[in-house]
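Q: The structure file data-v4.txt (compact mmCIF, C-alpha atoms) is provided below.
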```txt
# COMPACT_ATOMS: atom_id res chain seq x y z
CA MET A 1 30.50 99.91 24.88
CA SER A 2 31.94 98.68 28.13
CA ARG A 3 34.25 101.40 29.38
CA VAL A 4 36.77 99.08 31.03
CA CYS A 5 40.45 98.80 30.14
CA SER A 6 41.31 95.25 29.07
CA ILE A 7 44.89 95.64 30.39
CA CYS A 8 44.59 97.21 33.86
CA GLY A 9 40.85 96.88 34.48
CA LYS A 10 40.27 100.58 35.01
CA GLY A 11 36.57 101.39 34.72
CA GLN A 12 34.08 104.00 35.75
CA THR A 13 34.10 105.43 39.27
CA SER A 14 31.53 107.49 41.09
CA GLY A 15 31.60 110.78 42.93
CA ASN A 16 29.60 113.93 43.53
CA ASN A 17 28.55 116.91 41.49
CA VAL A 18 28.96 119.86 43.87
CA SER A 19 26.98 122.99 43.06
CA HIS A 20 27.81 126.55 44.04
CA SER A 21 25.43 126.20 47.00
CA ASN A 22 27.35 123.03 48.00
CA ARG A 23 24.51 120.62 47.22
CA LYS A 24 25.78 117.19 46.24
CA THR A 25 24.32 114.83 43.66
CA ARG A 26 25.85 111.58 42.43
CA ARG A 27 27.72 111.37 39.13
CA THR A 28 30.05 108.99 37.32
CA PHE A 29 33.58 109.48 36.02
CA LYS A 30 34.17 107.35 32.93
CA ALA A 31 37.59 105.97 32.03
CA ASN A 32 39.26 107.36 28.91
CA VAL A 33 39.46 104.14 26.89
CA GLN A 34 40.20 103.87 23.20
CA LYS A 35 39.46 101.00 20.82
CA VAL A 36 42.85 99.76 19.62
CA SER A 37 44.41 96.71 18.01
CA TYR A 38 47.25 95.33 20.13
CA VAL A 39 49.37 92.19 20.54
CA GLN A 40 48.43 89.72 23.28
CA ASP A 41 50.16 86.32 23.52
CA GLY A 42 51.65 86.83 20.07
CA LYS A 43 48.27 87.41 18.39
CA PRO A 44 46.62 90.67 17.34
CA VAL A 45 43.56 91.48 19.45
CA ASN A 46 40.99 94.28 19.22
CA GLY A 47 39.93 95.77 22.52
CA TYR A 48 39.54 98.82 24.70
CA VAL A 49 42.67 100.18 26.39
CA CYS A 50 42.95 103.22 28.67
CA THR A 51 45.20 106.05 27.60
CA ARG A 52 47.49 105.60 30.59
CA CYS A 53 48.33 102.05 29.45
CA LEU A 54 48.88 103.31 25.90
CA LYS A 55 51.13 106.13 27.07
CA SER A 56 53.23 103.96 29.41
CA ASP A 57 53.83 101.32 26.69
CA LYS A 58 52.10 98.49 28.56
CA VAL A 59 50.55 97.65 25.19
CA GLU A 60 52.26 96.90 21.88
CA ARG A 61 49.99 98.27 19.16
CA VAL A 62 49.60 96.51 15.83
```
Go ahead and render the structure in this file as structure tokens.
A:
Amino acid sequence: MSRVCSICGKGQTSGNNVSHSNRKTRRTFKANVQKVSYVQDGKPVNGYVCTRCLKSDKVERV
């Protein structure tokens, strides 16, 4: 599953795990995307949409 929002393009970002001794190792932060059915150009489409787009009504769900 590609964790990219089909509306805003939000995807995974990277950062650091920081231990108690302040050692840093790389990690990824994955976008919270949900598989939904929504309307695009008047037609129902299945795709992955981030929860921020769902909450702010950028998407009309079917």
Q: So which residues are close to (42.5, 101.5, 27.7), meaning at most 12 Å away in the file's coordinates with all atoms listed in the file counted, and can you show them as a ChimeraX atom specification?
A: /A:2-12,30-38,46-59,61
Q: Contacts of Asn17 (chain A) at 8 Å or less, counting all atoms listed in the file, minus same-chain residues fewer than 6 places along, as an MDAnalysis selection string?
A: chainID A and resid 23:27
Q: Given the selection you just returned, output its residues as a file containing C-alpha atoms, formatted as a JSON list (two decimals), in the frame of the given file.
A:
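The resulting file, again.json, is reproduced below:
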```json
[["chain", "number", "residue", "atom", "x", "y", "z"],
["A", 23, "ARG", "CA", 24.51, 120.62, 47.22],
["A", 24, "LYS", "CA", 25.78, 117.19, 46.24],
["A", 25, "THR", "CA", 24.32, 114.83, 43.66],
["A", 26, "ARG", "CA", 25.85, 111.58, 42.43],
["A", 27, "ARG", "CA", 27.72, 111.37, 39.13]]
```
Q: What does the distance between CA of Val39 (chain A) and CA of Thr13 (chain A) come to in Å, to one decimal place?
A: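 Between CA of Val39 (chain A) and CA of Thr13 (chain A) the gap works out to 27.6 Å.
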Q: Of the residues A:Gly15, A:Phe29, A:Asn22, A:Val62, which is the one nearest to Val45 (chain A), using only C-alpha atoms?
A: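 Of the candidates, the smallest distance to Val45 (chain A) is held by A:Val62.
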